[in-house]
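**Q** Pasting a structure here, questions to come.
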Amino acid sequence: MDTAARTGTPGPEDPARARAFLTAFARRKAARTADFPGGFAALDDAHALSYGDNHLLVDGPTDPELLPGRAEELLGHLPHRAVQIIGEETGRACAEPLKRAGYTHAEVLVMIHTGPVPERAGAREVELPALRGPVAESWRHFLPGAGEEVVRTLVERRDARRRGAPDVRFLASHDEWGQVVSWGDLYLDPATGTAQIEDLVTSVPHLGRGHGGAVLDTALRLAAEAGCPTRFLTAFADDWPRHWYERRGFVAVDTVHCFERA
C-alpha cells in the first residue's frame, strides 16, 4: 500500500495495531512492570508524581471487582492511583467498582488517520532542551495550582518516552523569532507499520495561527515516509481537540477508559 496516498475508512487491522502499540509503548517506556491477570502496572520511580508514568494498564480480560485492590497493592507507594483500560467492553465493566472506590472517569478516544497525508508544513525535529521552557510554561497555565516539583516531573518525564518505541521524535513549530510555540511527539514502529502522534500542544498566545496544524501535518508526513500506514493519536472524548482532529481526517475506532484518584 502507498502510505502517502491512503484515504477512506480505517482498515480492519488499524484498531488492533493501535491497541498493540499502546500496550507495547507502555511496557517499553516503564522503568519496571508488574503483571496481573489482564494487564500490568507500568512504574517509574524517577517520575513518581506522573500519572502517565505510574498506572495500571488493562489490555485483556480481568476481574473488575479485584481491580481497585490491585491498584492499592501495586500503586500503594504513590500519592495517586491511576488505571487505564483499553477497550469499551472491559472499560464499562470495570467502571462501577472503580467509581465505588473513589475514582473519577474519563474517556479517551483512539483516532486513526484516514488521509490524505498532507505535505510537511514547516515544523521540524528538536531536542528536548528546546522544549523544557515552553512545556513548563504550558503546564503552569493548565495546572496553576501545581507546585514546581510537579511541573518539573511533567517536563522531565518526556525523556523516558525515548524507550517507548524504536523511533521517537520531538517536533516543534517556531514563531517568527525562532521560539518554540507548538510541539508534539511522534512515535514510530516501522516493523509493525504503526505510528502514534502524542502530546500535541500549542502555547495559548499562539492558538489559531496554524502552528498546531504544522506539527500535526509534519508528523503525519514523516510517519507515512517511515512506512507506517496505521497513524493514530488519542483525544479526550468530551474536549474540543477531538473535533479538530476529525476535520483533519481522524476517525475514532476505540476507547481508553481512564480512572484516577488523588
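Identifiers for the C-alpha cells are assigned positionally: chains receive A, B, ... in sequence, residues are indexed from 1 per chain, and ligands are indexed from 1 in the order shown.
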Residues at most 9 Å from segment 14-21 of chain A, counting only C-alpha atoms, excluding those fewer than 2 positions away in the same chain, as a PyMOL selection string?

**A** chain A and resi 10-12+23-26+59+86-87+110-112+165+189+192-196+229-233+253-254

**Q** For the alpha helix (DSSP H) assignment from backbone DSSP, which residues of segment 19-248 of chain A qualify? Please present them as a VMD selection string.

**A** chain A and resid 19 to 29 67 to 75 88 to 100 129 to 142 148 to 156 211 to 225 241 to 247

**Q** Show which residues sit within 7 Å of Asn54 of chain A, as a list in words. Count only C-alpha atoms, and ignore same-chain residues fewer than 5 positions away.

**A**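 Surrounding residues, per the criterion: Ala42, Leu43, Asp44 and Ala48 of chain A.
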
**Q** Kindly export the residues of the current selection with all heavy atoms, as a short mmCIF file (atom, residue, chain, number, x, y, z; two decimals), in the first residue's frame.

**A**
```cif
data_model
loop_
_atom_site.label_atom_id
_atom_site.label_comp_id
_atom_site.auth_asym_id
_atom_site.auth_seq_id
_atom_site.Cartn_x
_atom_site.Cartn_y
_atom_site.Cartn_z
N ALA A 42 2.66 -0.21 35.09
CA ALA A 42 3.81 0.47 34.50
C ALA A 42 4.31 1.48 35.52
O ALA A 42 3.54 2.37 35.93
CB ALA A 42 3.41 1.15 33.20
N LEU A 43 5.57 1.39 35.91
CA LEU A 43 6.09 2.17 37.03
C LEU A 43 7.42 2.82 36.68
O LEU A 43 8.23 2.25 35.95
CB LEU A 43 6.26 1.28 38.26
CG LEU A 43 5.00 0.55 38.74
CD1 LEU A 43 5.36 -0.55 39.71
CD2 LEU A 43 4.02 1.54 39.37
N ASP A 44 7.61 4.02 37.22
CA ASP A 44 8.88 4.73 37.04
C ASP A 44 9.09 5.61 38.26
O ASP A 44 8.49 6.68 38.39
CB ASP A 44 8.84 5.57 35.77
CG ASP A 44 10.22 6.13 35.41
OD1 ASP A 44 11.08 6.18 36.30
OD2 ASP A 44 10.41 6.52 34.25
N ALA A 48 7.68 9.77 39.91
CA ALA A 48 6.63 9.21 40.75
C ALA A 48 5.37 10.06 40.79
O ALA A 48 4.29 9.55 41.10
CB ALA A 48 7.16 9.00 42.17
#
```

**Q** Select, from A:Gly115, A:His257, A:Ala30, A:Gly178, the residue with the minimum atom-to-atom distance to Gln84 of chain A, counting only C-alpha atoms.

**A**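 That would be A:His257, the residue with the smallest distance to Gln84 of chain A.
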
**Q** Using DSSP on the backbone coordinates, identify all residues within segment 13-252 of chain A classified as strand (DSSP E or B); present the result as a PyMOL selection string.

**A** chain A and resi 32-36+39-43+55-58+81-86+104-113+124-125+167-174+180-189+194-202+230-236+250-252

**Q** With C-alpha atoms retained, write the just-selected residues as a compact mmCIF listing (two decimals), in the first residue's frame.

**A**
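Result file out-v2.txt:
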```
# COMPACT_ATOMS: atom_id res chain seq x y z
CA ARG A 32 9.71 -1.60 35.71
CA THR A 33 6.47 -3.52 35.34
CA ALA A 34 4.40 -5.90 37.44
CA ASP A 35 1.95 -8.24 35.70
CA PHE A 36 -1.52 -9.25 36.91
CA GLY A 39 -2.76 -6.27 32.47
CA PHE A 40 0.27 -4.84 34.22
CA ALA A 41 1.49 -1.95 36.33
CA ALA A 42 3.81 0.47 34.50
CA LEU A 43 6.09 2.17 37.03
CA HIS A 55 -0.51 3.42 36.44
CA LEU A 56 -2.22 0.13 35.81
CA LEU A 57 -2.87 -0.74 32.17
CA VAL A 58 -5.62 -3.27 31.48
CA ARG A 81 -3.96 5.93 41.79
CA ALA A 82 -4.43 5.66 38.01
CA VAL A 83 -5.93 2.89 35.88
CA GLN A 84 -6.12 2.84 32.08
CA ILE A 85 -8.37 0.27 30.41
CA ILE A 86 -8.16 -0.27 26.65
CA THR A 104 -13.08 9.71 38.54
CA HIS A 105 -13.67 8.51 34.97
CA ALA A 106 -12.72 9.99 31.61
CA GLU A 107 -12.92 8.52 28.12
CA VAL A 108 -10.05 8.93 25.67
CA LEU A 109 -10.67 8.15 22.01
CA VAL A 110 -8.17 6.29 19.85
CA MET A 111 -8.38 8.05 16.48
CA ILE A 112 -6.97 6.68 13.22
CA HIS A 113 -5.90 8.99 10.41
CA ARG A 124 10.95 20.37 12.47
CA GLU A 125 12.57 17.92 14.83
CA ASP A 167 12.00 5.66 16.71
CA VAL A 168 10.91 8.61 18.88
CA ARG A 169 10.99 12.17 17.58
CA PHE A 170 10.07 15.51 19.15
CA LEU A 171 8.62 18.04 16.70
CA ALA A 172 8.06 21.77 17.08
CA SER A 173 6.78 24.79 15.20
CA HIS A 174 8.52 28.13 15.79
CA VAL A 180 9.01 27.14 20.10
CA VAL A 181 5.26 27.78 20.23
CA SER A 182 3.77 24.37 19.40
CA TRP A 183 5.12 20.86 19.89
CA GLY A 184 4.28 17.17 19.82
CA ASP A 185 5.75 13.68 19.96
CA LEU A 186 5.98 11.19 17.10
CA TYR A 187 6.47 7.51 17.94
CA LEU A 188 7.32 5.20 15.02
CA ASP A 189 7.42 1.43 14.74
CA THR A 194 2.30 1.85 13.27
CA ALA A 195 2.85 5.46 14.35
CA GLN A 196 1.39 7.48 17.20
CA ILE A 197 1.24 11.26 17.47
CA GLU A 198 1.01 12.32 21.10
CA ASP A 199 1.00 15.33 23.41
CA LEU A 200 0.29 17.91 20.70
CA VAL A 201 0.17 21.32 22.44
CA THR A 202 0.21 24.95 21.31
CA THR A 230 -1.59 2.98 10.72
CA ARG A 231 -1.24 6.50 12.08
CA PHE A 232 -3.17 7.38 15.22
CA LEU A 233 -3.49 9.70 18.19
CA THR A 234 -5.64 9.93 21.31
CA ALA A 235 -8.05 12.68 22.37
CA PHE A 236 -10.46 13.19 25.24
CA PHE A 250 -9.13 11.25 12.02
CA VAL A 251 -11.80 8.69 12.91
CA ALA A 252 -12.43 7.21 16.39
```
